[in-house]
Every structure is written in C-alpha cells, then in structure tokens.
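File shown here: model05.txt, holding compact mmCIF, C-alpha atoms.
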```
# COMPACT_ATOMS: atom_id res chain seq x y z
CA MET B 1 84.73 155.39 109.70
CA THR B 2 84.00 152.19 107.90
CA LYS B 3 82.31 149.51 109.88
CA SER B 4 84.68 146.60 110.47
CA LYS B 5 83.39 143.35 109.09
CA LYS B 6 83.66 140.25 111.18
CA SER B 7 85.80 137.65 109.49
CA ASN B 8 85.03 133.96 109.45
CA LYS B 9 88.72 133.20 108.91
CA PRO B 10 89.59 132.28 112.53
CA ILE B 11 86.94 129.52 112.62
CA ILE B 12 87.98 128.08 109.26
CA TRP B 13 91.69 128.33 110.14
CA GLY B 14 91.16 126.86 113.58
CA THR B 15 89.62 123.68 112.18
CA PHE B 16 92.24 123.69 109.42
CA ALA B 17 95.10 123.70 111.96
CA ALA B 18 93.50 121.36 114.51
CA GLY B 19 92.36 119.07 111.70
CA GLY B 20 95.80 119.10 110.09
CA GLU B 21 97.40 118.11 113.37
CA LEU B 22 94.86 115.38 114.15
CA VAL B 23 94.83 113.97 110.61
CA SER B 24 98.65 113.83 110.60
CA LEU B 25 98.72 112.01 113.92
CA VAL B 26 95.91 109.44 113.56
CA THR B 27 94.93 108.94 109.89
CA PRO B 28 97.87 106.65 108.94
CA VAL B 29 97.18 104.24 111.81
CA LEU B 30 93.42 104.26 111.09
CA ILE B 31 94.12 103.38 107.44
CA LEU B 32 96.43 100.61 108.64
CA LEU B 33 93.61 99.20 110.80
CA THR B 34 91.07 99.11 107.97
CA LEU B 35 93.78 97.82 105.60
CA LEU B 36 94.22 94.86 107.98
CA ALA B 37 90.44 94.35 107.86
CA ALA B 38 90.56 94.62 104.05
CA ALA B 39 93.27 91.94 104.01
CA GLY B 40 90.98 89.63 105.99
CA HIS B 41 92.59 90.14 109.43
CA VAL B 42 89.91 92.21 111.16
CA PRO B 43 91.46 93.73 114.34
CA ALA B 44 89.50 92.67 117.45
CA MET B 45 88.31 96.23 118.10
CA LEU B 46 86.79 96.50 114.60
CA GLY B 47 84.52 93.52 115.27
CA TYR B 48 80.84 94.48 115.48
CA ALA B 49 80.33 93.80 119.23
CA ASN B 50 83.51 95.63 120.33
CA LEU B 51 83.12 98.64 118.06
CA HIS B 52 79.42 98.98 118.83
CA ALA B 53 80.15 98.91 122.57
CA PHE B 54 82.89 101.55 122.07
CA ALA B 55 80.57 103.83 120.08
CA ALA B 56 77.83 103.38 122.68
CA GLY B 57 79.95 104.99 125.43
CA TRP B 58 80.31 108.77 125.74
CA PHE B 59 84.10 108.65 125.27
CA GLY B 60 83.79 106.60 122.09
CA LYS B 61 81.12 108.94 120.72
CA LEU B 62 83.28 111.97 121.47
CA ALA B 63 86.40 110.39 119.91
CA ILE B 64 84.54 109.34 116.74
CA PHE B 65 82.88 112.74 116.42
CA VAL B 66 86.13 114.72 116.88
CA VAL B 67 88.02 112.57 114.34
CA LEU B 68 85.27 112.71 111.69
CA PHE B 69 84.37 116.38 112.24
CA LEU B 70 87.95 117.67 112.07
CA SER B 71 88.87 115.36 109.16
CA LEU B 72 85.83 116.46 107.15
CA TRP B 73 86.33 120.21 107.60
CA SER B 74 90.12 120.31 107.26
CA GLN B 75 90.10 118.11 104.15
CA ALA B 76 87.19 120.10 102.66
CA HIS B 77 89.23 123.29 103.09
CA ARG B 78 92.33 121.67 101.59
CA LEU B 79 90.32 120.25 98.70
CA ARG B 80 89.04 123.74 97.90
CA ILE B 81 92.63 124.98 97.57
CA THR B 82 93.66 121.89 95.58
CA PHE B 83 90.87 122.56 93.05
CA TYR B 84 92.26 126.09 92.61
CA ASP B 85 95.80 124.75 92.14
CA PHE B 86 94.57 122.47 89.36
CA GLY B 87 93.21 125.49 87.50
CA MET B 88 89.59 125.47 88.63
CA ARG B 89 88.76 129.14 89.19
CA ALA B 90 85.09 128.84 90.24
CA ASP B 91 86.09 129.17 93.90
CA THR B 92 82.67 130.16 95.27
CA LEU B 93 81.05 127.12 93.68
CA VAL B 94 83.85 124.79 94.84
CA ALA B 95 83.78 126.23 98.37
CA PHE B 96 80.00 125.77 98.52
CA GLY B 97 80.30 122.17 97.35
CA VAL B 98 83.09 121.02 99.67
CA TYR B 99 81.77 122.81 102.77
CA LEU B 100 78.29 121.43 102.05
CA ILE B 101 79.69 117.88 102.03
CA ALA B 102 81.54 118.60 105.31
CA ALA B 103 78.36 120.01 106.88
CA ILE B 104 76.20 117.07 105.77
CA GLY B 105 78.92 114.66 106.94
CA SER B 106 79.09 116.31 110.37
CA LEU B 107 75.32 116.19 110.74
CA ALA B 108 75.22 112.55 109.62
CA THR B 109 77.95 111.67 112.15
CA VAL B 110 75.83 113.12 114.97
CA MET B 111 72.75 111.26 113.70
CA TYR B 112 74.52 107.89 113.40
CA LEU B 113 76.14 108.27 116.82
CA ALA B 114 72.77 109.13 118.38
CA ARG B 115 71.34 105.88 116.98
CA ILE B 116 74.02 103.69 118.59
CA MET F 1 104.85 150.57 78.82
CA SER F 2 106.75 148.60 76.28
CA ARG F 3 104.96 147.93 73.04
CA ARG F 4 105.73 144.25 73.20
CA PRO F 5 105.63 143.41 76.88
CA TYR F 6 107.14 140.09 77.81
CA VAL F 7 104.41 137.85 79.12
CA GLN F 8 105.52 134.55 80.50
CA GLU F 9 103.09 131.83 79.63
CA VAL F 10 101.90 130.01 82.73
CA SER F 11 99.67 127.03 82.24
CA ARG F 12 96.76 127.08 84.60
CA THR F 13 96.50 123.31 84.85
CA ALA F 14 100.06 122.05 84.34
CA TRP F 15 102.21 124.75 85.99
CA PHE F 16 103.49 122.39 88.66
CA PHE F 17 105.40 120.20 86.20
CA LYS F 18 107.90 123.04 85.77
CA ARG F 19 109.95 122.53 88.91
CA PRO F 20 110.56 119.67 91.38
CA ARG F 21 109.65 122.06 94.20
CA TYR F 22 106.21 122.65 92.66
CA MET F 23 105.81 118.90 92.15
CA ARG F 24 106.50 118.24 95.84
CA TYR F 25 103.97 120.91 96.75
CA MET F 26 101.32 119.29 94.53
CA ALA F 27 102.17 115.81 95.83
CA ARG F 28 101.28 117.09 99.28
CA GLU F 29 98.17 118.85 97.97
CA VAL F 30 96.69 115.69 96.42
CA THR F 31 97.02 113.76 99.70
CA CYS F 32 93.82 115.54 100.78
CA ILE F 33 91.87 113.74 98.01
CA PHE F 34 92.83 110.36 99.45
CA ILE F 35 92.32 111.40 103.07
CA GLY F 36 88.96 112.99 102.15
CA ILE F 37 87.70 109.83 100.41
CA TYR F 38 88.96 107.74 103.33
CA THR F 39 87.02 109.94 105.77
CA LEU F 40 83.86 109.29 103.74
CA ILE F 41 84.57 105.52 103.91
CA LEU F 42 84.80 105.82 107.72
CA LEU F 43 81.50 107.70 107.68
CA VAL F 44 79.86 104.88 105.69
CA GLY F 45 81.29 102.38 108.19
CA LEU F 46 79.75 104.36 111.06
CA ALA F 47 76.41 104.42 109.23
CA ARG F 48 76.49 100.61 108.79
CA LEU F 49 77.54 100.17 112.43
CA SER F 50 74.52 102.21 113.52
CA GLU F 51 72.17 100.09 111.38
CA SER F 52 72.75 96.45 112.28
CA GLN F 53 75.35 93.73 112.66
CA VAL F 54 74.45 92.33 109.22
CA ASP F 55 74.97 95.73 107.57
CA TYR F 56 78.25 96.32 109.38
CA GLU F 57 79.61 92.90 108.45
CA ALA F 58 78.61 93.51 104.82
CA PHE F 59 80.68 96.73 105.03
CA LEU F 60 83.69 94.78 106.35
CA ALA F 61 83.23 92.23 103.54
CA ALA F 62 83.07 95.05 100.95
CA LEU F 63 86.45 96.32 102.23
CA ARG F 64 88.01 93.08 100.97
CA GLN F 65 87.50 93.92 97.27
CA PRO F 66 90.80 94.30 95.35
CA SER F 67 89.93 97.93 94.50
CA SER F 68 89.48 98.67 98.21
CA ILE F 69 92.81 97.07 99.09
CA LEU F 70 94.52 99.08 96.33
CA PHE F 71 92.89 102.29 97.60
CA HIS F 72 93.99 101.54 101.17
CA VAL F 73 97.62 100.97 100.13
CA LEU F 74 97.67 104.24 98.14
CA ALA F 75 95.87 106.14 100.91
CA LEU F 76 98.35 104.84 103.48
CA ALA F 77 101.31 106.00 101.40
CA PHE F 78 99.77 109.44 100.74
CA SER F 79 98.71 109.91 104.37
CA LEU F 80 102.23 109.06 105.57
CA TYR F 81 103.63 111.64 103.12
CA ASN F 82 101.08 114.13 104.47
CA SER F 83 102.06 113.39 108.07
CA PHE F 84 105.82 113.59 107.53
CA THR F 85 105.63 116.85 105.58
CA TRP F 86 103.36 118.28 108.31
CA PHE F 87 105.76 117.25 111.10
CA ASN F 88 108.71 118.70 109.18
CA VAL F 89 107.13 122.16 108.87
CA ALA F 90 105.71 122.10 112.40
CA PRO F 91 108.63 124.16 113.79
CA LYS F 92 107.72 126.94 111.34
CA ALA F 93 103.97 126.75 112.00
CA LEU F 94 104.27 126.30 115.75
CA PRO F 95 107.39 128.09 116.99
CA ILE F 96 107.67 127.68 120.76
CA GLN F 97 109.43 130.56 122.50
CA ILE F 98 111.06 130.12 125.90
CA GLY F 99 112.27 133.47 127.21
CA GLU F 100 114.42 135.01 124.48
CA GLU F 101 115.15 131.73 122.73
CA PHE F 102 113.08 129.62 120.39
CA MET F 103 112.95 125.90 120.91
CA PRO F 104 115.24 124.24 118.31
CA ASP F 105 113.46 123.04 115.15
CA SER F 106 114.66 119.49 115.73
CA VAL F 107 112.93 119.34 119.13
CA VAL F 108 109.54 120.51 117.79
CA ALA F 109 109.67 118.22 114.72
CA GLY F 110 111.17 115.33 116.72
CA GLY F 111 108.49 115.71 119.38
CA HIS F 112 105.82 115.37 116.71
CA TYR F 113 107.39 112.16 115.37
CA LEU F 114 107.68 110.80 118.92
CA ILE F 115 104.03 111.54 119.77
CA TRP F 116 102.97 110.09 116.39
CA VAL F 117 104.84 106.80 116.98
CA ALA F 118 103.57 106.48 120.57
CA LEU F 119 99.96 107.28 119.62
CA SER F 120 100.01 104.91 116.63
CA LEU F 121 101.41 102.05 118.73
CA PHE F 122 98.83 102.75 121.44
CA ILE F 123 95.93 102.68 118.94
CA LEU F 124 97.24 99.43 117.38
CA TYR F 125 97.50 97.92 120.88
CA TRP F 126 94.02 99.18 121.82
CA ALA F 127 92.58 97.74 118.62
CA GLY F 128 93.99 94.34 119.56
CA VAL F 129 96.44 94.06 116.67
CA PHE F 130 99.27 92.75 118.88
CA GLY F 131 97.18 90.25 120.83
CA SER F 132 96.54 87.11 118.79
```

Take the structure in the file and give it back as structure tokens.
Amino acid sequence: MTKSKKSNKPIIWGTFAAGGELVSLVTPVLILLTLLAAAGHVPAMLGYANLHAFAAGWFGKLAIFVVLFLSLWSQAHRLRITFYDFGMRADTLVAFGVYLIAAIGSLATVMYLARI
Amino acid sequence: MSRRPYVQEVSRTAWFFKRPRYMRYMAREVTCIFIGIYTLILLVGLARLSESQVDYEAFLAALRQPSSILFHVLALAFSLYNSFTWFNVAPKALPIQIGEEFMPDSVVAGGHYLIWVALSLFILYWAGVFGS
C-alpha cells in the first residue's frame, strides 16, 4: 500500500472559486469608485474621516480583509496560469513568486488594519 | 513509427493568435493582470489610510495622474469582461440540482447578473455617489 499524500488543491481551489466569485461581483464597482476619485470627484465614503471610521469598526475590518485576501490569492493563482499560457515554463519559480506576493499582501493587510 | 512523423509546429508564446476562441480565452486570462495590479493599489491605499490623513490625501492626489486615470479605465473594462464571462459560465461551474432536474442555465446566470447589479448599486449608494 502506498501512503496517500494529502493534497493542497482544495485550499487553493477554494480561494480560487470564492475569490473568482467575489472579484466578479465587487471589483468593477470598486474600480468605478476609485475612478471617480481619480477624476476629482472623491465619493463621500472615500474621504479620510469616513473611510478611517469604517476601517476602525470590526465589520469594516472584516470586509476589507476578505476583499483583499481573496483578491490577492485568486489573482495570484490566475497569474501563475497566465504566465504558463504565455510560454513561461518555470512554474515552480512563478508559483513561488506570485504566492509570496499574496502572502506578504495578506500579512500587510492584517498589519495595516491593526494600526487603524 | 513513421520515418518522417508529422509534427505540427505550435508556438509557445503566440499560439493564441491562431483562433478567435483562443484569443477570447487569452483576453479573459489577461484580466487577472489588471485586477492584480488594482488589488495592489488598494493595498497601498490601505497602507496610506493607516498612516495619516496627509499620507492618505497624497494617495488620493496621486490617483489623479493621467496614467492612473488611463489604468482605471482599462482596468474597469477588463474587470467587466472578467465578470461577464464568469457569470456566463456560472451555470457550468455551479449547477444547481432540484430533485431530478437542473436549474435552467438562464436562471443561474441571470441570478448572478441580478445580484451583481443590486450589489453594485448598493455599494455606490453606500459610498455616497448618489447623494450630492
């Protein structure tokens, strides 16, 4: 009998699916909000006082963390596949790079939120 | 084995130019580059927000550069393409079975569009875009 190896696929695929769903639902409207700010019409909620107060509450912290965490990991996973599709065959190196950025980004998110 | 086997040349980097179907696949693939960069911009915004009002307002001012506006317009277009293609395949990825029958594709995809519109409008309202 060969010992069955535990696969890390379910965790990766879980964030991939949940991230795909979340990114599809909220990313366009988030880009629209910062586009308005970029055009000089900063939405009220993106003002410093409002956004800081939102991020200070537990619900705001949770919402910001979920959006950034799932976006980072799902897009890191997609980017890894995109690199392969463009002919880059050093998958281990690419995977290490993109997941490292996602991990650092997740950690940074927690740190920034803790400071607010 | 044949002495002169037929080997079809497949370019490793330009294979997707061969068929419109491959091009559509790649168009969806590259949306992740824009969404990924946008996520990092949000992360920078959060960092500035956690520092001070001056830092955060400098971040908002930096968003007004022409290159930032151009990136936002492109990112918006690519993220919409990403969303619509995701909603359209949702019935295949998330088939909902009720008894013997599967929920019709149009209901699963349509439900996604409906939730997307409602959620987007809610977030715009919450952000104060409609109130002047």

Next on the checklist: With all atoms listed in the file considered, list every residue of chain F at most 8 Å from chain B, as a PyMOL selection string.
Outcome noted: chain F and resi 12-14+29-30+32-33+35-36+38-40+42-43+46-47+49-50+53+56-57+60-61+63-65+68-69+72-73+75-76+79-80+82-84+86-87+115-116+119-120+123-124+126-129

Checklist outcome for this item: The distance between CA of Ala109 in chain F and CA of Gly14 in chain B is 20.5 Å

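CA of Phe16 in chain B to CA of Leu70 in chain B spans 7.9 Å [interatomic distance, one decimal].
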
Where's the centre, and what are the edge lengths in Å to one decimal, of a box along x, y and z enclosing all listed atoms of range 102-110 of chain B padded 4 Å per side, as JSON?
```
{"center_x": 78.4, "center_y": 115.8, "center_z": 110.1, "size_x": 14.3, "size_y": 16.3, "size_z": 17.7}
```

Checklist entry - At what distance in Å, to one decimal, does CA of Phe59 in chain F lie from CA of Ile41 in chain F? => result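 Those two atoms sit 9.7 Å apart.
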
Checklist entry - Restricting the calculation to all atoms listed in the file, which member of F:Val89, F:Leu121, F:Arg4, F:Val44 is positioned closest to Val108 in chain F? => result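 Nearest to Val108 in chain F: F:Val89.
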
Checklist entry - Using all atoms listed in the file, which of the listed residues (B:Ala53, B:Val110, B:Val66, B:Leu100) sits closest to Gly19 in chain B? => result B:Val66

Output file request: range 56-95 of chain F, with C-alpha atoms, as a short mmCIF file (atom, residue, chain, number, x, y, z; two decimals), in the first residue's frame.
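Heads up, here's the output in decode.cif:
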```
data_model
loop_
_atom_site.label_atom_id
_atom_site.label_comp_id
_atom_site.auth_asym_id
_atom_site.auth_seq_id
_atom_site.Cartn_x
_atom_site.Cartn_y
_atom_site.Cartn_z
CA TYR F 56 -3.96 59.24 2.56
CA GLU F 57 -4.77 62.53 0.84
CA ALA F 58 -1.45 62.35 -1.03
CA PHE F 59 -2.57 58.89 -2.23
CA LEU F 60 -5.89 60.33 -3.46
CA ALA F 61 -4.00 63.14 -5.22
CA ALA F 62 -1.66 60.59 -6.87
CA LEU F 63 -4.74 58.80 -8.28
CA ARG F 64 -5.44 61.91 -10.37
CA GLN F 65 -2.38 61.45 -12.62
CA PRO F 66 -3.30 60.82 -16.29
CA SER F 67 -1.56 57.41 -16.19
CA SER F 68 -3.72 56.43 -13.20
CA ILE F 69 -6.91 57.52 -14.95
CA LEU F 70 -5.89 55.55 -18.06
CA PHE F 71 -5.16 52.47 -15.92
CA HIS F 72 -8.52 52.77 -14.17
CA VAL F 73 -10.43 52.98 -17.47
CA LEU F 74 -8.60 49.90 -18.82
CA ALA F 75 -8.98 48.01 -15.53
CA LEU F 76 -12.71 48.78 -15.47
CA ALA F 77 -13.17 47.43 -19.00
CA PHE F 78 -11.12 44.28 -18.28
CA SER F 79 -12.83 43.65 -14.94
CA LEU F 80 -16.27 43.94 -16.58
CA TYR F 81 -15.16 41.42 -19.23
CA ASN F 82 -13.94 39.16 -16.41
CA SER F 83 -17.25 39.47 -14.55
CA PHE F 84 -19.48 38.85 -17.56
CA THR F 85 -17.51 35.81 -18.72
CA TRP F 86 -17.61 34.45 -15.15
CA PHE F 87 -21.38 34.94 -14.87
CA ASN F 88 -21.90 33.30 -18.26
CA VAL F 89 -20.07 30.10 -17.27
CA ALA F 90 -21.54 30.05 -13.76
CA PRO F 91 -24.26 27.53 -14.75
CA LYS F 92 -21.50 25.09 -15.78
CA ALA F 93 -19.35 25.70 -12.69
CA LEU F 94 -22.23 25.80 -10.24
CA PRO F 95 -25.03 23.53 -11.48
#
```
